[in-house]
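J.: This is the content of upload.pdb (PDB, C-alpha atoms):
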```
ATOM      1  CA  MET X  19     117.897 198.729 208.821  1.00  0.00           C
ATOM      2  CA  ASN X  20     117.388 198.240 212.556  1.00  0.00           C
ATOM      3  CA  GLU X  21     116.215 195.032 214.254  1.00  0.00           C
ATOM      4  CA  LEU X  22     112.613 196.198 214.690  1.00  0.00           C
ATOM      5  CA  THR X  23     112.270 197.049 211.005  1.00  0.00           C
ATOM      6  CA  GLN X  24     113.824 193.711 210.026  1.00  0.00           C
ATOM      7  CA  PHE X  25     111.414 191.921 212.347  1.00  0.00           C
ATOM      8  CA  ILE X  26     108.376 193.700 210.904  1.00  0.00           C
ATOM      9  CA  ASN X  27     109.653 193.132 207.339  1.00  0.00           C
ATOM     10  CA  ARG X  28     109.770 189.409 207.999  1.00  0.00           C
ATOM     11  CA  TYR X  29     105.974 189.414 208.177  1.00  0.00           C
ATOM     12  CA  LEU X  30     104.966 192.648 206.436  1.00  0.00           C
ATOM     13  CA  HIS X  31     106.669 194.880 203.883  1.00  0.00           C
ATOM     14  CA  THR X  32     107.327 198.183 205.632  1.00  0.00           C
ATOM     15  CA  ALA X  33     107.641 199.904 202.258  1.00  0.00           C
ATOM     16  CA  GLN X  34     103.892 199.363 201.874  1.00  0.00           C
ATOM     17  CA  LEU X  35     103.062 200.781 205.330  1.00  0.00           C
ATOM     18  CA  ASP X  36     102.769 204.377 206.369  1.00  0.00           C
ATOM     19  CA  GLU X  37     104.791 205.715 209.290  1.00  0.00           C
ATOM     20  CA  ARG X  38     101.772 205.669 211.614  1.00  0.00           C
ATOM     21  CA  GLU X  39     101.198 201.936 211.000  1.00  0.00           C
ATOM     22  CA  ILE X  40     104.860 201.138 211.637  1.00  0.00           C
ATOM     23  CA  ASN X  41     104.835 203.214 214.833  1.00  0.00           C
ATOM     24  CA  THR X  42     101.674 201.473 216.016  1.00  0.00           C
ATOM     25  CA  LEU X  43     103.327 198.075 215.607  1.00  0.00           C
ATOM     26  CA  THR X  44     106.589 199.108 217.250  1.00  0.00           C
ATOM     27  CA  ASN X  45     104.675 200.290 220.336  1.00  0.00           C
ATOM     28  CA  TYR X  46     104.162 196.618 221.217  1.00  0.00           C
ATOM     29  CA  PHE X  47     107.868 195.779 221.061  1.00  0.00           C
ATOM     30  CA  SER X  48     110.840 196.402 223.328  1.00  0.00           C
ATOM     31  CA  PHE X  49     114.316 194.942 223.637  1.00  0.00           C
ATOM     32  CA  THR X  50     115.350 192.494 226.328  1.00  0.00           C
ATOM     33  CA  ASN X  51     118.250 190.165 227.128  1.00  0.00           C
ATOM     34  CA  PHE X  52     118.281 186.699 228.641  1.00  0.00           C
ATOM     35  CA  LYS X  53     121.047 184.708 230.251  1.00  0.00           C
ATOM     36  CA  LYS X  54     121.678 181.057 229.475  1.00  0.00           C
ATOM     37  CA  GLY X  55     119.208 179.077 231.604  1.00  0.00           C
ATOM     38  CA  ASP X  56     116.566 181.821 231.881  1.00  0.00           C
ATOM     39  CA  ARG X  57     113.004 180.501 231.551  1.00  0.00           C
ATOM     40  CA  PRO X  58     110.669 183.383 230.650  1.00  0.00           C
ATOM     41  CA  ILE X  59     107.792 181.053 229.744  1.00  0.00           C
ATOM     42  CA  ARG X  60     106.840 178.273 232.138  1.00  0.00           C
ATOM     43  CA  GLN X  61     104.511 175.338 231.805  1.00  0.00           C
ATOM     44  CA  THR X  62     101.092 175.842 233.495  1.00  0.00           C
ATOM     45  CA  TYR X  63     101.527 179.638 233.782  1.00  0.00           C
ATOM     46  CA  HIS X  64     100.145 182.449 231.678  1.00  0.00           C
ATOM     47  CA  HIS X  65     102.715 184.892 230.261  1.00  0.00           C
ATOM     48  CA  ASP X  66     102.069 188.196 228.543  1.00  0.00           C
ATOM     49  CA  PHE X  67     105.058 188.171 226.188  1.00  0.00           C
ATOM     50  CA  ALA X  68     106.592 186.387 223.228  1.00  0.00           C
ATOM     51  CA  TYR X  69     110.168 186.933 222.023  1.00  0.00           C
ATOM     52  CA  TYR X  70     111.835 187.287 218.637  1.00  0.00           C
ATOM     53  CA  ILE X  71     115.465 186.186 218.850  1.00  0.00           C
ATOM     54  CA  ILE X  72     117.977 188.680 217.476  1.00  0.00           C
ATOM     55  CA  GLN X  73     120.984 186.709 218.765  1.00  0.00           C
ATOM     56  CA  GLY X  74     120.878 183.462 220.730  1.00  0.00           C
ATOM     57  CA  ALA X  75     119.088 180.150 221.077  1.00  0.00           C
ATOM     58  CA  ALA X  76     116.232 178.650 223.072  1.00  0.00           C
ATOM     59  CA  ARG X  77     114.411 175.386 223.546  1.00  0.00           C
ATOM     60  CA  SER X  78     110.872 174.529 224.474  1.00  0.00           C
ATOM     61  CA  TYR X  79     109.965 171.484 226.489  1.00  0.00           C
ATOM     62  CA  TYR X  80     107.260 170.056 228.678  1.00  0.00           C
ATOM     63  CA  SER X  81     107.783 168.067 231.841  1.00  0.00           C
ATOM     64  CA  LYS X  82     106.086 164.729 232.282  1.00  0.00           C
ATOM     65  CA  ASP X  83     106.821 162.217 235.012  1.00  0.00           C
ATOM     66  CA  HIS X  84     110.043 164.098 235.929  1.00  0.00           C
ATOM     67  CA  LEU X  85     111.268 163.933 232.316  1.00  0.00           C
ATOM     68  CA  GLU X  86     111.799 166.889 230.016  1.00  0.00           C
ATOM     69  CA  VAL X  87     110.501 166.275 226.500  1.00  0.00           C
ATOM     70  CA  ASN X  88     111.981 168.788 224.041  1.00  0.00           C
ATOM     71  CA  THR X  89     109.519 169.953 221.418  1.00  0.00           C
ATOM     72  CA  TRP X  90     111.390 172.635 219.452  1.00  0.00           C
ATOM     73  CA  PHE X  91     114.432 174.876 219.265  1.00  0.00           C
ATOM     74  CA  ALA X  92     114.623 178.485 218.126  1.00  0.00           C
ATOM     75  CA  PHE X  93     117.559 180.527 216.866  1.00  0.00           C
ATOM     76  CA  GLU X  94     118.123 183.909 215.276  1.00  0.00           C
ATOM     77  CA  GLN X  95     115.117 185.407 213.466  1.00  0.00           C
ATOM     78  CA  GLU X  96     112.675 182.989 215.089  1.00  0.00           C
ATOM     79  CA  ILE X  97     109.932 183.532 217.630  1.00  0.00           C
ATOM     80  CA  VAL X  98     109.825 182.027 221.099  1.00  0.00           C
ATOM     81  CA  ALA X  99     106.261 181.909 222.346  1.00  0.00           C
ATOM     82  CA  SER X 100     103.369 179.963 223.699  1.00  0.00           C
ATOM     83  CA  PHE X 101     100.415 180.602 221.470  1.00  0.00           C
ATOM     84  CA  GLN X 102      98.255 179.386 224.324  1.00  0.00           C
ATOM     85  CA  ASN X 103      99.341 182.621 226.034  1.00  0.00           C
ATOM     86  CA  TYR X 104      98.271 184.654 222.995  1.00  0.00           C
ATOM     87  CA  ARG X 105      94.820 183.194 223.508  1.00  0.00           C
ATOM     88  CA  GLY X 106      94.880 184.040 227.237  1.00  0.00           C
ATOM     89  CA  LYS X 107      95.582 180.493 228.430  1.00  0.00           C
ATOM     90  CA  ALA X 108      98.393 178.934 230.441  1.00  0.00           C
ATOM     91  CA  SER X 109     101.435 177.679 228.572  1.00  0.00           C
ATOM     92  CA  MET X 110     101.715 173.961 227.918  1.00  0.00           C
ATOM     93  CA  GLU X 111     105.515 174.179 227.707  1.00  0.00           C
ATOM     94  CA  THR X 112     108.518 175.831 229.303  1.00  0.00           C
ATOM     95  CA  THR X 113     110.933 177.887 227.219  1.00  0.00           C
ATOM     96  CA  GLU X 114     114.577 178.023 228.301  1.00  0.00           C
ATOM     97  CA  PHE X 115     117.380 180.006 226.694  1.00  0.00           C
ATOM     98  CA  LEU X 116     120.368 177.841 225.749  1.00  0.00           C
ATOM     99  CA  GLU X 117     122.688 180.811 225.241  1.00  0.00           C
ATOM    100  CA  ASP X 118     122.885 184.396 226.394  1.00  0.00           C
ATOM    101  CA  SER X 119     120.351 185.972 224.032  1.00  0.00           C
ATOM    102  CA  GLN X 120     119.145 189.335 222.750  1.00  0.00           C
ATOM    103  CA  CYS X 121     115.454 189.499 221.881  1.00  0.00           C
ATOM    104  CA  ILE X 122     112.602 191.706 220.847  1.00  0.00           C
ATOM    105  CA  LYS X 123     109.886 191.398 223.487  1.00  0.00           C
ATOM    106  CA  ILE X 124     106.318 191.318 222.114  1.00  0.00           C
ATOM    107  CA  ASP X 125     103.414 192.355 224.343  1.00  0.00           C
ATOM    108  CA  LEU X 126     100.849 189.667 223.468  1.00  0.00           C
ATOM    109  CA  HIS X 127      97.922 191.215 225.318  1.00  0.00           C
ATOM    110  CA  LYS X 128      98.301 194.631 223.693  1.00  0.00           C
ATOM    111  CA  ILE X 129      99.024 193.332 220.190  1.00  0.00           C
ATOM    112  CA  ALA X 130      96.060 190.910 220.337  1.00  0.00           C
ATOM    113  CA  LYS X 131      93.757 193.762 221.345  1.00  0.00           C
ATOM    114  CA  GLN X 132      95.100 195.973 218.523  1.00  0.00           C
ATOM    115  CA  ALA X 133      94.676 193.106 216.025  1.00  0.00           C
ATOM    116  CA  GLU X 134      90.919 193.249 216.643  1.00  0.00           C
ATOM    117  CA  THR X 135      90.713 196.722 215.073  1.00  0.00           C
ATOM    118  CA  SER X 136      93.801 197.048 212.866  1.00  0.00           C
ATOM    119  CA  ASN X 137      94.135 195.175 209.580  1.00  0.00           C
ATOM    120  CA  VAL X 138      97.904 195.740 209.612  1.00  0.00           C
ATOM    121  CA  THR X 139      98.343 194.266 213.103  1.00  0.00           C
ATOM    122  CA  ASN X 140      95.910 191.465 212.318  1.00  0.00           C
ATOM    123  CA  THR X 141      97.879 190.562 209.171  1.00  0.00           C
ATOM    124  CA  PHE X 142     101.156 190.736 211.091  1.00  0.00           C
ATOM    125  CA  MET X 143      99.917 188.308 213.758  1.00  0.00           C
ATOM    126  CA  ARG X 144      98.199 186.054 211.218  1.00  0.00           C
ATOM    127  CA  ARG X 145     101.470 185.638 209.320  1.00  0.00           C
ATOM    128  CA  ILE X 146     103.344 184.778 212.507  1.00  0.00           C
ATOM    129  CA  ILE X 147     100.696 182.200 213.406  1.00  0.00           C
ATOM    130  CA  GLU X 148     100.750 180.781 209.855  1.00  0.00           C
ATOM    131  CA  GLU X 149     104.527 180.356 210.057  1.00  0.00           C
ATOM    132  CA  TYR X 150     104.201 178.631 213.426  1.00  0.00           C
ATOM    133  CA  THR X 151     101.408 176.359 212.154  1.00  0.00           C
ATOM    134  CA  GLU X 152     103.512 175.337 209.164  1.00  0.00           C
ATOM    135  CA  PHE X 153     106.418 174.530 211.499  1.00  0.00           C
ATOM    136  CA  LEU X 154     104.156 172.390 213.712  1.00  0.00           C
ATOM    137  CA  GLU X 155     102.672 170.551 210.738  1.00  0.00           C
ATOM    138  CA  GLU X 156     106.114 169.696 209.368  1.00  0.00           C
ATOM    139  CA  ARG X 157     107.302 168.610 212.822  1.00  0.00           C
ATOM    140  CA  LEU X 158     104.275 166.372 213.347  1.00  0.00           C
ATOM    141  CA  TYR X 159     104.707 164.798 209.917  1.00  0.00           C
ATOM    142  CA  ARG X 160     108.387 164.020 210.551  1.00  0.00           C
ATOM    143  CA  LEU X 161     107.605 162.472 213.942  1.00  0.00           C
ATOM    144  CA  GLN X 162     104.764 160.294 212.730  1.00  0.00           C
ATOM    145  CA  PHE X 163     106.072 159.149 209.366  1.00  0.00           C
ATOM    146  CA  SER X 164     109.802 158.687 209.802  1.00  0.00           C
ATOM    147  CA  GLU X 165     112.092 156.454 211.798  1.00  0.00           C
ATOM    148  CA  GLY X 166     114.849 157.694 214.104  1.00  0.00           C
ATOM    149  CA  MET X 167     117.568 157.470 211.451  1.00  0.00           C
ATOM    150  CA  GLU X 168     115.441 159.425 208.963  1.00  0.00           C
ATOM    151  CA  ARG X 169     114.706 162.125 211.556  1.00  0.00           C
ATOM    152  CA  TYR X 170     118.402 162.455 212.411  1.00  0.00           C
ATOM    153  CA  THR X 171     119.421 162.492 208.730  1.00  0.00           C
ATOM    154  CA  TYR X 172     116.824 165.205 208.071  1.00  0.00           C
ATOM    155  CA  ILE X 173     118.385 167.357 210.793  1.00  0.00           C
ATOM    156  CA  LEU X 174     121.884 166.772 209.434  1.00  0.00           C
ATOM    157  CA  GLN X 175     120.781 167.909 205.985  1.00  0.00           C
ATOM    158  CA  ASN X 176     118.272 170.654 206.826  1.00  0.00           C
ATOM    159  CA  GLU X 177     118.963 171.903 210.344  1.00  0.00           C
ATOM    160  CA  PRO X 178     122.708 171.441 211.023  1.00  0.00           C
ATOM    161  CA  GLU X 179     122.524 174.301 213.531  1.00  0.00           C
ATOM    162  CA  LEU X 180     120.798 171.877 215.917  1.00  0.00           C
ATOM    163  CA  ILE X 181     123.813 169.554 215.822  1.00  0.00           C
ATOM    164  CA  GLN X 182     126.190 172.443 216.500  1.00  0.00           C
ATOM    165  CA  ARG X 183     124.266 174.385 219.164  1.00  0.00           C
ATOM    166  CA  VAL X 184     122.004 171.955 221.039  1.00  0.00           C
ATOM    167  CA  PRO X 185     123.248 169.552 223.738  1.00  0.00           C
ATOM    168  CA  LEU X 186     123.006 165.888 222.730  1.00  0.00           C
ATOM    169  CA  THR X 187     120.540 165.028 225.520  1.00  0.00           C
ATOM    170  CA  PHE X 188     118.108 167.729 224.345  1.00  0.00           C
ATOM    171  CA  LEU X 189     118.516 166.702 220.703  1.00  0.00           C
ATOM    172  CA  ALA X 190     117.796 163.042 221.519  1.00  0.00           C
ATOM    173  CA  SER X 191     114.620 164.022 223.360  1.00  0.00           C
ATOM    174  CA  TYR X 192     113.548 166.206 220.420  1.00  0.00           C
ATOM    175  CA  LEU X 193     114.063 163.255 218.052  1.00  0.00           C
ATOM    176  CA  GLY X 194     112.053 160.947 220.322  1.00  0.00           C
ATOM    177  CA  MET X 195     114.910 158.651 221.311  1.00  0.00           C
ATOM    178  CA  SER X 196     117.358 158.043 224.133  1.00  0.00           C
ATOM    179  CA  ARG X 197     120.765 159.699 224.180  1.00  0.00           C
ATOM    180  CA  GLU X 198     122.362 156.259 223.748  1.00  0.00           C
ATOM    181  CA  THR X 199     120.295 155.531 220.629  1.00  0.00           C
ATOM    182  CA  LEU X 200     121.275 158.887 219.155  1.00  0.00           C
ATOM    183  CA  SER X 201     124.950 158.175 219.912  1.00  0.00           C
ATOM    184  CA  ARG X 202     124.677 154.842 218.064  1.00  0.00           C
ATOM    185  CA  LEU X 203     123.024 156.540 215.053  1.00  0.00           C
ATOM    186  CA  ARG X 204     125.756 159.178 214.974  1.00  0.00           C
ATOM    187  CA  ALA X 205     128.441 156.470 215.125  1.00  0.00           C
ATOM    188  CA  ARG X 206     126.820 154.563 212.229  1.00  0.00           C
ATOM    189  CA  ILE X 207     126.697 157.687 210.075  1.00  0.00           C
ATOM    190  CA  ALA X 208     130.333 158.526 210.892  1.00  0.00           C
ATOM    191  CA  LEU X 209     131.530 155.142 209.571  1.00  0.00           C
TER     192      LEU X 209
END
```
Show me the file's structure as C-alpha coordinates.
T.:
Amino acid sequence: MNELTQFINRYLHTAQLDEREINTLTNYFSFTNFKKGDRPIRQTYHHDFAYYIIQGAARSYYSKDHLEVNTWFAFEQEIVASFQNYRGKASMETTEFLEDSQCIKIDLHKIAKQAETSNVTNTFMRRIIEEYTEFLEERLYRLQFSEGMERYTYILQNEPELIQRVPLTFLASYLGMSRETLSRLRARIAL
(Lines of atoms letter the chains of each structure in order from A and count residues from 1; the text may use other names and numbers.)
(Lines give C-alpha, C1' and ligand atoms only; values in the text may rest on other atoms or scores of the structure.)
Protein backbone atom coordinates (compact mmCIF):
# COMPACT_ATOMS: atom_id res chain seq x y z
CA MET A 1 0.00 0.00 0.00
CA ASN A 2 1.58 3.32 -0.97
CA GLU A 3 1.78 6.43 1.23
CA LEU A 4 -1.15 8.20 -0.44
CA THR A 5 -3.45 5.23 0.08
CA GLN A 6 -2.33 4.90 3.70
CA PHE A 7 -2.98 8.61 4.22
CA ILE A 8 -6.48 8.41 2.74
CA ASN A 9 -7.21 5.22 4.71
CA ARG A 10 -6.41 7.05 7.93
CA TYR A 11 -9.53 9.15 7.40
CA LEU A 12 -11.61 7.14 4.92
CA HIS A 13 -11.72 3.46 4.00
CA THR A 14 -10.56 3.24 0.39
CA ALA A 15 -12.23 -0.16 0.07
CA GLN A 16 -15.55 1.69 0.25
CA LEU A 17 -14.58 4.26 -2.41
CA ASP A 18 -14.63 3.87 -6.15
CA GLU A 19 -11.51 4.57 -8.20
CA ARG A 20 -12.84 7.95 -9.37
CA GLU A 21 -13.29 9.16 -5.77
CA ILE A 22 -9.78 8.04 -4.82
CA ASN A 23 -8.33 9.75 -7.91
CA THR A 24 -10.21 12.95 -7.11
CA LEU A 25 -8.70 13.03 -3.62
CA THR A 26 -5.18 12.22 -4.78
CA ASN A 27 -5.30 15.15 -7.23
CA TYR A 28 -4.92 17.46 -4.22
CA PHE A 29 -1.78 15.73 -2.94
CA SER A 30 1.86 15.70 -3.98
CA PHE A 31 5.11 14.67 -2.33
CA THR A 32 7.63 17.11 -0.92
CA ASN A 33 10.72 17.09 1.29
CA PHE A 34 11.88 19.52 3.95
CA LYS A 35 15.25 20.06 5.53
CA LYS A 36 15.73 20.49 9.26
CA GLY A 37 14.95 24.15 10.02
CA ASP A 38 12.59 24.72 7.07
CA ARG A 39 9.53 26.80 7.98
CA PRO A 40 6.81 26.25 5.36
CA ILE A 41 4.12 27.91 7.49
CA ARG A 42 4.84 31.28 9.08
CA GLN A 43 2.98 33.32 11.63
CA THR A 44 0.92 36.21 10.13
CA TYR A 45 1.08 34.80 6.58
CA HIS A 46 -1.47 32.86 4.58
CA HIS A 47 -0.27 29.52 3.15
CA ASP A 48 -2.03 27.31 0.64
CA PHE A 49 -0.74 23.95 1.88
CA ALA A 50 -0.82 21.54 4.79
CA TYR A 51 1.52 18.55 5.16
CA TYR A 52 1.12 14.95 6.27
CA ILE A 53 4.41 13.64 7.64
CA ILE A 54 5.57 10.35 6.14
CA GLN A 55 8.98 10.51 7.86
CA GLY A 56 10.23 13.28 10.13
CA ALA A 57 9.22 15.71 12.84
CA ALA A 58 8.00 19.28 13.16
CA ARG A 59 7.02 21.81 15.78
CA SER A 60 4.59 24.68 15.81
CA TYR A 61 5.17 27.83 17.78
CA TYR A 62 4.17 31.45 17.97
CA SER A 63 6.46 34.35 18.72
CA LYS A 64 5.58 36.81 21.44
CA ASP A 65 7.87 39.46 22.86
CA HIS A 66 10.90 37.80 21.18
CA LEU A 67 10.06 34.44 22.79
CA GLU A 68 9.02 31.30 20.96
CA VAL A 69 6.13 29.49 22.65
CA ASN A 70 5.85 25.90 21.40
CA THR A 71 2.28 24.73 20.98
CA TRP A 72 2.58 21.24 19.45
CA PHE A 73 4.84 18.69 17.81
CA ALA A 74 4.06 16.37 14.92
CA PHE A 75 5.68 13.12 13.84
CA GLU A 76 5.00 10.35 11.37
CA GLN A 77 1.36 9.96 10.28
CA GLU A 78 0.38 13.38 11.63
CA ILE A 79 -0.66 16.56 9.87
CA VAL A 80 1.21 19.84 9.99
CA ALA A 81 -1.13 22.69 9.21
CA SER A 82 -2.68 25.96 10.17
CA PHE A 83 -6.41 25.54 10.03
CA GLN A 84 -6.63 29.31 9.86
CA ASN A 85 -5.12 28.86 6.38
CA TYR A 86 -7.82 26.33 5.47
CA ARG A 87 -10.33 29.06 6.22
CA GLY A 88 -8.40 31.58 4.09
CA LYS A 89 -6.84 33.45 7.02
CA ALA A 90 -3.26 34.12 8.06
CA SER A 91 -1.55 31.56 10.27
CA MET A 92 -1.29 32.30 13.98
CA GLU A 93 1.79 30.08 14.31
CA THR A 94 5.01 29.13 12.56
CA THR A 95 5.76 25.51 11.72
CA GLU A 96 9.40 24.40 11.64
CA PHE A 97 10.74 20.97 10.73
CA LEU A 98 12.98 19.50 13.43
CA GLU A 99 14.39 16.80 11.15
CA ASP A 100 14.81 16.25 7.45
CA SER A 101 11.28 15.17 6.54
CA GLN A 102 9.26 13.56 3.76
CA CYS A 103 5.67 14.75 3.48
CA ILE A 104 2.50 14.61 1.47
CA LYS A 105 1.62 18.17 0.47
CA ILE A 106 -2.11 19.00 0.61
CA ASP A 107 -3.50 21.84 -1.51
CA LEU A 108 -5.87 23.49 0.98
CA HIS A 109 -7.52 25.86 -1.47
CA LYS A 110 -8.38 23.15 -3.99
CA ILE A 111 -9.49 20.56 -1.43
CA ALA A 112 -11.68 23.11 0.40
CA LYS A 113 -13.38 24.02 -2.88
CA GLN A 114 -13.93 20.33 -3.73
CA ALA A 115 -15.33 19.69 -0.23
CA GLU A 116 -18.19 22.07 -1.04
CA THR A 117 -19.53 19.68 -3.70
CA SER A 118 -18.10 16.25 -2.83
CA ASN A 119 -19.36 14.24 0.14
CA VAL A 120 -16.21 12.10 0.06
CA THR A 121 -13.87 15.11 0.20
CA ASN A 122 -16.07 16.81 2.78
CA THR A 123 -15.97 13.70 5.00
CA PHE A 124 -12.20 13.41 4.54
CA MET A 125 -11.62 17.00 5.66
CA ARG A 126 -14.19 16.78 8.46
CA ARG A 127 -12.38 13.77 9.93
CA ILE A 128 -9.04 15.57 9.79
CA ILE A 129 -10.56 18.60 11.52
CA GLU A 130 -12.24 16.36 14.13
CA GLU A 131 -8.90 14.71 14.91
CA TYR A 132 -7.24 18.12 15.23
CA THR A 133 -10.05 19.43 17.46
CA GLU A 134 -9.74 16.41 19.75
CA PHE A 135 -5.98 17.00 19.99
CA LEU A 136 -6.53 20.67 20.89
CA GLU A 137 -9.17 19.84 23.49
CA GLU A 138 -6.89 17.31 25.19
CA ARG A 139 -3.97 19.76 25.08
CA LEU A 140 -6.04 22.57 26.60
CA TYR A 141 -7.32 20.28 29.35
CA ARG A 142 -3.80 19.15 30.28
CA LEU A 143 -2.54 22.74 30.38
CA GLN A 144 -5.37 24.09 32.49
CA PHE A 145 -5.91 21.25 34.93
CA SER A 146 -2.49 19.82 35.65
CA GLU A 147 0.71 20.99 37.26
CA GLY A 148 4.14 20.88 35.61
CA MET A 149 5.07 17.50 37.11
CA GLU A 150 1.77 15.97 35.95
CA ARG A 151 2.25 17.35 32.43
CA TYR A 152 5.80 15.96 32.26
CA THR A 153 4.72 12.58 33.69
CA TYR A 154 1.92 12.42 31.11
CA ILE A 155 4.46 12.91 28.32
CA LEU A 156 6.77 10.26 29.77
CA GLN A 157 3.91 7.75 29.85
CA ASN A 158 1.97 8.69 26.70
CA GLU A 159 4.28 10.57 24.35
CA PRO A 160 7.85 9.32 24.98
CA GLU A 161 8.73 10.29 21.41
CA LEU A 162 8.76 13.92 22.57
CA ILE A 163 11.48 13.14 25.11
CA GLN A 164 13.57 11.36 22.49
CA ARG A 165 13.15 13.69 19.49
CA VAL A 166 12.46 17.21 20.78
CA PRO A 167 15.15 19.53 22.17
CA LEU A 168 14.77 20.24 25.89
CA THR A 169 14.23 23.99 25.37
CA PHE A 170 11.30 23.34 23.01
CA LEU A 171 9.83 20.71 25.33
CA ALA A 172 10.00 23.07 28.33
CA SER A 173 8.19 25.77 26.37
CA TYR A 174 5.53 23.26 25.29
CA LEU A 175 5.01 22.26 28.94
CA GLY A 176 4.72 25.91 30.01
CA MET A 177 7.87 26.04 32.11
CA SER A 178 11.48 27.16 31.94
CA ARG A 179 14.23 24.82 30.81
CA GLU A 180 15.69 24.93 34.33
CA THR A 181 12.37 23.87 35.89
CA LEU A 182 12.11 20.98 33.45
CA SER A 183 15.68 19.92 34.27
CA ARG A 184 14.80 19.88 37.99
CA LEU A 185 11.66 17.79 37.32
CA ARG A 186 13.68 15.33 35.24
CA ALA A 187 16.29 15.06 38.01
CA ARG A 188 13.58 14.38 40.63
CA ILE A 189 12.05 11.62 38.51
CA ALA A 190 15.47 10.05 37.88
CA LEU A 191 16.11 9.67 41.63
J.: Select, from X:Ser201, X:Thr171, X:Gln182, X:Ser191, the residue with the minimum atom-to-atom distance to Val87 of chain X, counting all atoms listed in the file.
T.: X:Ser191
J.: Looking at X:Glu94, X:Glu168, X:Asp125, X:Glu117, which one is nearest to Ile71 of chain X, with distances taken over only C-alpha atoms?
T.: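 Smallest separation from Ile71 of chain X among the options: X:Glu94.
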J.: For the file shown, report as an MDAnalysis selection string the outcome of the PyMOL selection byres ((chain X and resi 138-142) around 12) at residue level.
T.: chainID X and resid 25:32 34:36 38:46 126 128:137 143:149
J.: To verify the selection step, state as a list of chain:residue names which residues the PyMOL selection byres ((chain X and resi 63) around 12) yields on this input.
T.: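 Applying the PyMOL selection byres ((chain X and resi 63) around 12) to the structure shown produces X:Arg57, X:Pro58, X:Ile59, X:Arg60, X:Gln61, X:Thr62, X:His64, X:His65, X:Asp66, X:Phe67, X:Ser100, X:Gln102, X:Asn103, X:Gly106, X:Lys107, X:Ala108, X:Ser109, X:Met110, X:Glu111, X:Thr112, X:Thr113.
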J.: So the first atom is atom CA of Ser81 of chain X and the second is atom CA of Thr187 of chain X; what is the distance between them in Å, to one decimal place?
T.: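 Those two atoms sit 14.6 Å apart.
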J.: Which residue is closest to Cys121 of chain X? Choose from X:Ala205, X:Ile173, X:Ala33, X:Val98 and count all atoms listed in the file.
T.: X:Val98
J.: I want to know what sits within 6 Å of Leu200 of chain X, based on all atoms listed in the file, with residues of the same chain fewer than 3 positions away left out; could you give that as a PyMOL selection string?
T.: chain X and resi 190+197+203
